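Here is the structure we will look at, set down as structure tokens.
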Amino acid sequence: MADLNRRTILSGALAGLAGATLASPAQALSMPTAQGGIDWPRFLAGSDLIWRRVPQTWYEGPFLGNGFLGSGIYAEPGRNAIRFNVQHTQVQDHRPEFGSLFGLARLPIGYFTLEPVGTITALDWRLDLWNAELRGTLTTSKGSLSLRAVVHSVRSLLIVEVTPSEGERAFNWVFHPAKAVSSRTDPVFGREPPAGYTANPPAQLHTSGDVKLSVQPLHAGGEHVTAWREVTRGSVRTLYTSVAWSHPTKTAVAQAQRAVRAVVPLSSFVRDHQAWWHTFYQRSFLSISDSRLQSFYWIQLYKVASAARRDAPVMATCGPWLESTPWPATWWNLNVQLEYWLIHGSNHLELDAVTYALDKFRQNLRDQVAAPYRADSYGIPRTTDMTLLNGAGTGTSGYAVGIPGKASPTPEVGNLTWALHNVWLSYRHTMDPRILNDVLFPLLRGAINYYLHFLTRGSDGKLHLPFTFSPEYGENAPDCTYDLSLIRWGCATLLATAPDDALAGRWRDVLATLTPYPVDANGYMIGAGVPFAKSHRHYSHLLQVYPLYEITWEQPENRALIEKSLNHWISFEGALQGYSFTGAASISAQMLRGDKAAFYLGELLRRFVQPNTMYKESGPVIETPLSAAQSVHDMLCQSWGDVIRVFPAVPWPDVAIQNFRTQGAFLLSASRTSGQTRWLRVLSEAGARCVIRHDIAGAIAVRNAQGRDLPYRHISPDTIEIALPRGSEAVIHPAADRPDFTISPVPTTPSAPWGLP
């Protein structure tokens with residue numbers, strides 16, 4: 001683990017323990033907000049999605065959500081109607097005997113159709129990011145329907161307010177319950193369900209006063225319930241819809257009814273909804289010269305806040321918007337990790353469901369390891385439900401934790417260690433000792449213990465790993481690069497955290513004698529005897545380069561190997577997918593090649609991203625666009641190895657960032673104009689060591705918030721260390737300059753909005 005030592009980790013932890021309570025993810029919304037010269041409604045309006053044509057599919061339409069309830073909006077296939085999907089992240093099956101992809105799968109709920117009197121002839125919609133609201137007009141041969149729609153930020157409510165013209169007063173809402181069965185059963189996906197697996201009973205439609213109910217019983221007990229109520233005020237008709245879930249008890253009817261009965265006009269209901277979103281956006285700011293990419297970035301922040309909450313289920317592959325998919329579960333061999341990376345730099349730790357879930361459901365991480373290793377080990381299957389349970393994983397129905405050296409189940413064993421790297425990132429970006437001590441250390445100790453059961457000393461004196469599976473490559477390999485990189489990162493992190501632990505000697509031995517990564521003429525191999533020799537979308541054999549930063553471009557002896565490996569991997573076109581290009585962009589950013597990183601992101605947007613910025617591989621998958629936002633972060637700031645690198649790979653002439661969160665719990669603000677960095681400001685939340693690499697030419701000034709000079713020392717010509725106590729800040733700028741420290745959007749060339757303009 002490059003440049004990471006005990007002092008790096010423990011200094012921040014001790015600083016946090018010595019001071020007042022640090023901001024936890026639950027407290028994060030109270031932290032400082034970005035202000036400056038930003039007209040937030042106007043700025044975000046420049047990234048709003050626009051529709052002048054009727055969206056025909058999920059990949060074209062608006063989407064609303066709050067981490068639990070989600071709605072995607074598009075034309076009802078084959079009909080003169082608009083579909084409003086109703087889905088919920090907690091709604092799943094509970095039959096573990098059929099595995100995570102069938103018996104524990106996310107279950108579809110159903111959808112409403114907005115059915116006008118006349119034939120739809122035109123549409124004019126805007127997804128207002130600032131207010132997280134869909135607004136616009138649907139024009140028909142009989143008149144028009146003006147609508148506003150929100151999924152409330154903190155309530156389980158979809159609210160659609162419709163104001164019809166005279167000819168459309170008789171428009172109708174119809175609810176269509178879905179068949180409560182795993183979408184993986186669709187024959188188009190070619191996955192045969194397990195013997196004995198059947199759909200749940202049909203939904204039961206009821207009326208209770210002015211509330212209508214769709215009650216879905218489950219074979220395994222419990223239920224999920226959709227309740228809706230339409231309220232008319234003058235000419236305005238408002239639909240209130242709620243979803244509730246309960247298992248094993250049946251208490252969801254009362255929950256859903258309460259939600260739709262406690263209603264007020266939408267103008268009153270949206271006040272706290274809008275306040276939540278306004279606070280959310282203002283926690284950080286980013287503006288770049290590329291208007292198309294800038295809009296894409298802000299839509300991803302809207303998307304992740306629509307799909308994630310700390311206490312919501314870890315995002316399944318499609319987020320809260322369940323559509324027909326062979327992936328109706330949570331995937332842990334890449335998807336989860338990529339889904340949550342952007343929350344760190346964007347200063348949104350309040351969305352960190354990964355740390356929360358791994359902590360809450362840790363017993364399942366132990367129980368799903370094979371019995372001989374369960375006493376001291378943790379592991380996570382490739383696919384799980386919201387409680388991290390896989391059930392009877394048997395290939396097409398789920399993927400259990402494998403065992404190194406055994407072909408069945410698939411010996412994919414490193415996924416928990418990689419997920420814990422996300423937890424480590426949350427710790428490093430907050431320096432919250434509770435994350436380190438209560439979650440990361442005990443779980444990582446158990447994840448590495450699992451590996452220790454299988455490492456054996458070879459005749460060469462090196463420790464070797466029996467064959468395991470590098471995610472998605474399709475071949476088992478001894479000394480698998482994916483696992484070796486995670487073992488090295490895990491042991492180094494444990495030693496830096498607890499050098500006096502009873503297992504510290506074992507961890508040191510592993511780091512000293514673990515076999516080197518297998519390498520051939522084309523770069524890093526999948527494992528010993530298994531070259532990288534075919535197109536492969538996953539960069540599982542390159543984790544030591546990114547995101548673990550163990551092998552880095554700052555090590556001159558490794559540059560040729562990194563470049564060779566990247567070029568060889570990305571040269572095989574056939575199986576590459578969108579996240580291949582986000583990985584290539586982030587590795588290029590580490591190589592300080594901003595133009596190349598921008599090229600890869602451009603290829604992603606051109607070849608893979610859909611009109612509404614969603615992405616598909618057989619079905620909807622959410623991780624790739626979100627990870628592209630992280631690639632933008634990697635171009636603007638990198639803080640691995642105890643160094644904050646400001647604008648390391650920026651191809652744009654103008655950039656502005658504010659309250660960008662870095663490792664060490666710093667908030668970074670900076671301005672770049674005409675290709676020159678004018679100033680940067682860093683605020684320390686934890687008193688960790690502050691080392692900054694900048695690109696300001698010539699003499700610099702380093703001053704505190706009051707404008708007085710601060711002492712600093714040069715580590716290299718472009719790298720300085722500042723003694724920055726907790727709660728203090730430093731400003732760095734050219735010594736001869738007196739810059740304006742106001743943050744505002746940078747100039748951009750207009751581009752077509754996302755959506756169907």
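To be explicit about the labels: the chains of the structure tokens are called A, B, and onward in the order shown, and within each one the residues are counted from 1, while ligands get numbers from 1 in the order they are shown.
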Skip segment 446-456 of chain A itself and residues of its chain fewer than 4 positions away, then list as a PDB file with all heavy atoms, in the first residue's frame all residues within 7 Å of it, counting only C-alpha atoms.
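Below is the file around_3.pdb, written as the result:
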ATOM      1  N   TYR A 373     -14.107 -22.915   8.266  1.00  0.00           N
ATOM      2  CA  TYR A 373     -13.390 -21.639   8.395  1.00  0.00           C
ATOM      3  C   TYR A 373     -14.223 -20.576   9.119  1.00  0.00           C
ATOM      4  O   TYR A 373     -13.778 -19.437   9.274  1.00  0.00           O
ATOM      5  CB  TYR A 373     -13.009 -21.125   6.995  1.00  0.00           C
ATOM      6  CG  TYR A 373     -12.471 -22.215   6.111  1.00  0.00           C
ATOM      7  CD1 TYR A 373     -13.238 -22.753   5.080  1.00  0.00           C
ATOM      8  CD2 TYR A 373     -11.205 -22.752   6.334  1.00  0.00           C
ATOM      9  CE1 TYR A 373     -12.757 -23.781   4.283  1.00  0.00           C
ATOM     10  CE2 TYR A 373     -10.719 -23.783   5.543  1.00  0.00           C
ATOM     11  CZ  TYR A 373     -11.499 -24.296   4.522  1.00  0.00           C
ATOM     12  OH  TYR A 373     -11.013 -25.317   3.742  1.00  0.00           O
ATOM     13  N   ASP A 376     -13.265 -17.994  12.472  1.00  0.00           N
ATOM     14  CA  ASP A 376     -12.429 -16.789  12.497  1.00  0.00           C
ATOM     15  C   ASP A 376     -12.462 -15.999  11.194  1.00  0.00           C
ATOM     16  O   ASP A 376     -11.652 -15.094  10.999  1.00  0.00           O
ATOM     17  CB  ASP A 376     -10.976 -17.151  12.819  1.00  0.00           C
ATOM     18  CG  ASP A 376     -10.325 -18.010  11.738  1.00  0.00           C
ATOM     19  OD1 ASP A 376     -11.014 -18.391  10.760  1.00  0.00           O
ATOM     20  OD2 ASP A 376      -9.118 -18.298  11.865  1.00  0.00           O
ATOM     21  N   SER A 377     -13.376 -16.328  10.285  1.00  0.00           N
ATOM     22  CA  SER A 377     -13.330 -15.730   8.948  1.00  0.00           C
ATOM     23  C   SER A 377     -14.649 -15.073   8.575  1.00  0.00           C
ATOM     24  O   SER A 377     -15.713 -15.430   9.083  1.00  0.00           O
ATOM     25  CB  SER A 377     -12.997 -16.800   7.899  1.00  0.00           C
ATOM     26  OG  SER A 377     -11.742 -17.397   8.150  1.00  0.00           O
ATOM     27  N   TYR A 378     -14.538 -14.126   7.646  1.00  0.00           N
ATOM     28  CA  TYR A 378     -15.699 -13.497   7.031  1.00  0.00           C
ATOM     29  C   TYR A 378     -15.552 -13.573   5.519  1.00  0.00           C
ATOM     30  O   TYR A 378     -14.444 -13.562   4.980  1.00  0.00           O
ATOM     31  CB  TYR A 378     -15.812 -12.019   7.414  1.00  0.00           C
ATOM     32  CG  TYR A 378     -16.206 -11.737   8.842  1.00  0.00           C
ATOM     33  CD1 TYR A 378     -15.307 -11.143   9.728  1.00  0.00           C
ATOM     34  CD2 TYR A 378     -17.495 -12.015   9.294  1.00  0.00           C
ATOM     35  CE1 TYR A 378     -15.673 -10.845  11.035  1.00  0.00           C
ATOM     36  CE2 TYR A 378     -17.872 -11.718  10.601  1.00  0.00           C
ATOM     37  CZ  TYR A 378     -16.959 -11.139  11.466  1.00  0.00           C
ATOM     38  OH  TYR A 378     -17.334 -10.851  12.747  1.00  0.00           O
ATOM     39  N   GLY A 379     -16.700 -13.601   4.830  1.00  0.00           N
ATOM     40  CA  GLY A 379     -16.697 -13.549   3.371  1.00  0.00           C
ATOM     41  C   GLY A 379     -18.050 -13.076   2.886  1.00  0.00           C
ATOM     42  O   GLY A 379     -19.044 -13.137   3.624  1.00  0.00           O
ATOM     43  N   PRO A 404     -10.777 -21.468  -2.081  1.00  0.00           N
ATOM     44  CA  PRO A 404      -9.588 -21.584  -2.928  1.00  0.00           C
ATOM     45  C   PRO A 404      -9.182 -23.040  -3.130  1.00  0.00           C
ATOM     46  O   PRO A 404      -9.172 -23.837  -2.184  1.00  0.00           O
ATOM     47  CB  PRO A 404      -8.527 -20.803  -2.149  1.00  0.00           C
ATOM     48  CG  PRO A 404      -9.307 -19.791  -1.371  1.00  0.00           C
ATOM     49  CD  PRO A 404     -10.575 -20.502  -0.984  1.00  0.00           C
ATOM     50  N   LEU A 416     -15.376  -9.493  -0.395  1.00  0.00           N
ATOM     51  CA  LEU A 416     -15.535  -8.772   0.861  1.00  0.00           C
ATOM     52  C   LEU A 416     -14.349  -7.850   1.099  1.00  0.00           C
ATOM     53  O   LEU A 416     -14.522  -6.702   1.524  1.00  0.00           O
ATOM     54  CB  LEU A 416     -15.694  -9.743   2.034  1.00  0.00           C
ATOM     55  CG  LEU A 416     -15.757  -9.072   3.417  1.00  0.00           C
ATOM     56  CD1 LEU A 416     -16.910  -8.081   3.503  1.00  0.00           C
ATOM     57  CD2 LEU A 416     -15.867 -10.115   4.517  1.00  0.00           C
ATOM     58  N   THR A 417     -13.148  -8.345   0.841  1.00  0.00           N
ATOM     59  CA  THR A 417     -11.971  -7.495   1.037  1.00  0.00           C
ATOM     60  C   THR A 417     -12.068  -6.254   0.170  1.00  0.00           C
ATOM     61  O   THR A 417     -11.752  -5.136   0.617  1.00  0.00           O
ATOM     62  CB  THR A 417     -10.686  -8.279   0.728  1.00  0.00           C
ATOM     63  OG1 THR A 417     -10.688  -9.496   1.479  1.00  0.00           O
ATOM     64  CG2 THR A 417      -9.449  -7.471   1.093  1.00  0.00           C
ATOM     65  N   PRO A 442     -12.352  -5.183  12.470  1.00  0.00           N
ATOM     66  CA  PRO A 442     -12.785  -6.564  12.731  1.00  0.00           C
ATOM     67  C   PRO A 442     -13.189  -7.320  11.471  1.00  0.00           C
ATOM     68  O   PRO A 442     -12.897  -8.516  11.342  1.00  0.00           O
ATOM     69  CB  PRO A 442     -13.953  -6.400  13.701  1.00  0.00           C
ATOM     70  CG  PRO A 442     -14.385  -4.987  13.582  1.00  0.00           C
ATOM     71  CD  PRO A 442     -13.185  -4.203  13.205  1.00  0.00           C
ATOM     72  N   LEU A 463       4.956 -17.458  -0.394  1.00  0.00           N
ATOM     73  CA  LEU A 463       3.602 -17.896  -0.105  1.00  0.00           C
ATOM     74  C   LEU A 463       2.783 -17.882  -1.391  1.00  0.00           C
ATOM     75  O   LEU A 463       2.830 -16.918  -2.163  1.00  0.00           O
ATOM     76  CB  LEU A 463       2.949 -16.986   0.928  1.00  0.00           C
ATOM     77  CG  LEU A 463       3.456 -17.124   2.365  1.00  0.00           C
ATOM     78  CD1 LEU A 463       2.868 -16.025   3.248  1.00  0.00           C
ATOM     79  CD2 LEU A 463       3.115 -18.496   2.936  1.00  0.00           C
ATOM     80  N   HIS A 464       2.026 -18.957  -1.609  1.00  0.00           N
ATOM     81  CA  HIS A 464       1.230 -19.084  -2.823  1.00  0.00           C
ATOM     82  C   HIS A 464      -0.218 -19.378  -2.449  1.00  0.00           C
ATOM     83  O   HIS A 464      -0.512 -19.945  -1.390  1.00  0.00           O
ATOM     84  CB  HIS A 464       1.776 -20.202  -3.712  1.00  0.00           C
ATOM     85  CG  HIS A 464       3.135 -19.920  -4.260  1.00  0.00           C
ATOM     86  ND1 HIS A 464       3.332 -19.290  -5.466  1.00  0.00           N
ATOM     87  CD2 HIS A 464       4.374 -20.169  -3.752  1.00  0.00           C
ATOM     88  CE1 HIS A 464       4.639 -19.164  -5.688  1.00  0.00           C
ATOM     89  NE2 HIS A 464       5.292 -19.693  -4.658  1.00  0.00           N
ATOM     90  N   LEU A 465      -1.113 -18.998  -3.365  1.00  0.00           N
ATOM     91  CA  LEU A 465      -2.549 -19.193  -3.169  1.00  0.00           C
ATOM     92  C   LEU A 465      -3.048 -20.227  -4.172  1.00  0.00           C
ATOM     93  O   LEU A 465      -2.731 -20.144  -5.367  1.00  0.00           O
ATOM     94  CB  LEU A 465      -3.281 -17.865  -3.384  1.00  0.00           C
ATOM     95  CG  LEU A 465      -4.786 -17.812  -3.059  1.00  0.00           C
ATOM     96  CD1 LEU A 465      -5.012 -17.969  -1.564  1.00  0.00           C
ATOM     97  CD2 LEU A 465      -5.381 -16.483  -3.552  1.00  0.00           C
ATOM     98  N   PRO A 466      -3.813 -21.227  -3.729  1.00  0.00           N
ATOM     99  CA  PRO A 466      -4.406 -22.166  -4.701  1.00  0.00           C
ATOM    100  C   PRO A 466      -5.300 -21.417  -5.686  1.00  0.00           C
ATOM    101  O   PRO A 466      -5.606 -20.238  -5.502  1.00  0.00           O
ATOM    102  CB  PRO A 466      -5.225 -23.116  -3.821  1.00  0.00           C
ATOM    103  CG  PRO A 466      -4.715 -22.930  -2.442  1.00  0.00           C
ATOM    104  CD  PRO A 466      -4.205 -21.524  -2.350  1.00  0.00           C
ATOM    105  N   ILE A 487      -5.015  -9.254  -0.859  1.00  0.00           N
ATOM    106  CA  ILE A 487      -4.284  -9.750   0.312  1.00  0.00           C
ATOM    107  C   ILE A 487      -3.243  -8.727   0.741  1.00  0.00           C
ATOM    108  O   ILE A 487      -3.104  -8.410   1.935  1.00  0.00           O
ATOM    109  CB  ILE A 487      -3.627 -11.104   0.001  1.00  0.00           C
ATOM    110  CG1 ILE A 487      -4.694 -12.195  -0.164  1.00  0.00           C
ATOM    111  CG2 ILE A 487      -2.640 -11.497   1.103  1.00  0.00           C
ATOM    112  CD1 ILE A 487      -4.147 -13.498  -0.720  1.00  0.00           C
ATOM    113  N   GLY A 490      -4.977  -5.688   2.227  1.00  0.00           N
ATOM    114  CA  GLY A 490      -5.576  -6.015   3.512  1.00  0.00           C
ATOM    115  C   GLY A 490      -4.549  -6.149   4.617  1.00  0.00           C
ATOM    116  O   GLY A 490      -4.724  -5.603   5.719  1.00  0.00           O
TER     117      GLY A 490
END
Please provide the set of residues having any atom within 12 Å of Val188 of chain A, restricted to only C-alpha atoms, with same-chain residues fewer than 2 positions apart removed, written as a PyMOL selection string.
chain A and resi 183-186+190-192+324-326+618-619
Mind checking which residues fall within 7 Å of segment 247-263 of chain A, counting only C-alpha atoms, ignoring those fewer than 5 positions away in the same chain, and posting them as a list in words?
Gly221, Gly222, Glu223, His224, Val225, Thr226, Ala227, Trp228, Arg229, Tyr240, Thr241 and Ser242 of chain A
With DSSP run on the backbone, what are the strand (DSSP E) residues within segment 67-223 of chain A? I'd like them as JSON, numbers by chain.
{"A": [69, 70, 71, 72, 73, 74, 75, 82, 83, 84, 85, 86, 87, 88, 110, 111, 112, 113, 114, 115, 120, 121, 122, 123, 124, 125, 126, 127, 128, 133, 134, 135, 136, 137, 138, 139, 140, 143, 144, 145, 146, 147, 148, 149, 150, 151, 158, 159, 160, 161, 162, 163, 164, 172, 173, 174, 175, 176, 177, 204, 205, 206, 207, 208, 211, 212, 213, 214, 215, 216, 217, 223]}
Go ahead and compute the interatomic distance for atom CA of Asp520 of chain A and atom CA of Gly458 of chain A, in Å to one decimal.
20.6 Å
Which residue gives the smallest distance to Ile587 of chain A among A:Ser214, A:Ser182, A:Asn80, A:Asn567, with only C-alpha atoms counted?
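Among the listed residues, A:Asn567 lies closest to Ile587 of chain A.
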Which of segment 496-639 of chain A DSSP labels helix (DSSP H, G or I), written as an NGL selection string
:A and (496-497 or 504-513 or 540-542 or 556-570 or 578-590 or 594-607 or 623-636)
What is the distance between atom CA of Leu605 of chain A and atom CA of His541 of chain A, in Å to one decimal?
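Going from atom CA of Leu605 of chain A over to atom CA of His541 of chain A, I get 24.6 Å.
When only C-alpha atoms are used to measure the gap to Val423 of chain A, the shortest distance among A:Glu573, A:Ile343, A:Pro372, A:Ala502 belongs to A:Ile343.
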Name all residues at most 8 Å from Asp311 of chain A (count only C-alpha atoms; drop same-chain ones fewer than 2 positions away) and give them as a list in words.
Arg309, Pro313, Ala353, Tyr356 and Ala357 of chain A
With C-alpha atoms kept, could you save the residues just selected as a PDB file, in the first residue's frame?
ATOM      1  CA  ARG A 309     -29.413   6.386   1.713  1.00  0.00           C
ATOM      2  CA  PRO A 313     -30.415  -1.431   1.183  1.00  0.00           C
ATOM      3  CA  ALA A 353     -24.951   2.204   2.877  1.00  0.00           C
ATOM      4  CA  TYR A 356     -23.788   0.503   7.446  1.00  0.00           C
ATOM      5  CA  ALA A 357     -24.843  -2.822   5.899  1.00  0.00           C
TER       6      ALA A 357
END
Residues near segment 471-476 of chain A, anyone? I mean within 10 Å using only C-alpha atoms, not counting same-chain ones fewer than 6 positions away, as a PyMOL selection string.
chain A and resi 333-334+382+404-407+410-415+482+526-528+530+532-541
Given the selection you just returned, output its residues as a file containing C-alpha atoms, formatted as a JSON list (two decimals), in the first residue's frame.
[["chain", "number", "residue", "atom", "x", "y", "z"],
["A", 333, "ASN", "CA", -17.54, -8.34, -7.37],
["A", 334, "LEU", "CA", -17.50, -4.81, -8.82],
["A", 382, "ARG", "CA", -20.95, -12.57, -5.31],
["A", 404, "PRO", "CA", -9.59, -21.58, -2.93],
["A", 405, "GLY", "CA", -8.47, -24.73, -4.70],
["A", 406, "LYS", "CA", -11.99, -26.09, -5.18],
["A", 407, "ALA", "CA", -13.77, -25.59, -8.48],
["A", 410, "THR", "CA", -16.81, -20.79, -8.14],
["A", 411, "PRO", "CA", -13.77, -19.86, -6.01],
["A", 412, "GLU", "CA", -14.41, -16.11, -6.06],
["A", 413, "VAL", "CA", -13.24, -15.11, -2.60],
["A", 414, "GLY", "CA", -11.95, -11.53, -2.61],
["A", 415, "ASN", "CA", -15.19, -9.59, -2.84],
["A", 482, "TYR", "CA", -7.10, -10.13, -8.09],
["A", 526, "ILE", "CA", -4.90, -13.10, -14.56],
["A", 527, "GLY", "CA", -2.82, -15.49, -12.46],
["A", 528, "ALA", "CA", 0.06, -17.93, -12.66],
["A", 530, "VAL", "CA", -3.22, -17.74, -17.11],
["A", 532, "PHE", "CA", -4.69, -11.99, -20.16],
["A", 533, "ALA", "CA", -5.52, -13.23, -23.64],
["A", 534, "LYS", "CA", -9.12, -12.32, -24.49],
["A", 535, "SER", "CA", -11.48, -9.40, -24.31],
["A", 536, "HIS", "CA", -12.62, -8.90, -20.73],
["A", 537, "ARG", "CA", -14.70, -6.00, -19.41],
["A", 538, "HIS", "CA", -13.51, -6.26, -15.81],
["A", 539, "TYR", "CA", -10.20, -4.83, -14.57],
["A", 540, "SER", "CA", -9.97, -7.40, -11.79],
["A", 541, "HIS", "CA", -6.32, -8.10, -12.68]]
Between atom CA of Ser146 of chain A and atom CA of Glu60 of chain A, what is the distance in Å, rounded to a tenth?
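Here the two named atoms are 20.1 Å from each other.
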Nearest to Tyr579 of chain A, restricted to only C-alpha atoms and choosing among A:Ala122, A:Leu338, A:Met525, A:Val643, comes out as A:Leu338
What's around Ala629 of chain A at 9 Å? Count only C-alpha atoms, leave out sequence neighbours fewer than 6 positions away in its own chain, and write the answer as a list of chain:residue names.
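Answer for this query is A:Phe296, A:Tyr297, A:Trp298, A:Gln300, A:Leu301, A:Trp341, A:Leu342, A:Thr582.
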Go ahead and write the residues just picked, C-alpha atoms, as a PDB file, in the first residue's frame.
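This is the output file part_1.pdb:
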ATOM      1  CA  PHE A 296     -23.699  14.377 -16.789  1.00  0.00           C
ATOM      2  CA  TYR A 297     -21.812  14.714 -13.491  1.00  0.00           C
ATOM      3  CA  TRP A 298     -24.606  16.624 -11.733  1.00  0.00           C
ATOM      4  CA  GLN A 300     -25.123  11.369 -11.389  1.00  0.00           C
ATOM      5  CA  LEU A 301     -25.249  13.214  -8.068  1.00  0.00           C
ATOM      6  CA  TRP A 341     -17.033   5.681  -4.916  1.00  0.00           C
ATOM      7  CA  LEU A 342     -18.362   9.113  -5.871  1.00  0.00           C
ATOM      8  CA  THR A 582     -14.331   4.388 -16.543  1.00  0.00           C
TER       9      THR A 582
END
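Closest approach to Ser669 of chain A among A:Met635, A:Val54, A:Leu286, A:Leu443 is made by A:Leu286 (distances from only C-alpha atoms).
Each of A:Ala195, A:Ala560, A:Met614, A:Ala705 was checked against Leu683 of chain A using only C-alpha atoms; the smallest atom-to-atom distance is that of A:Ala705.
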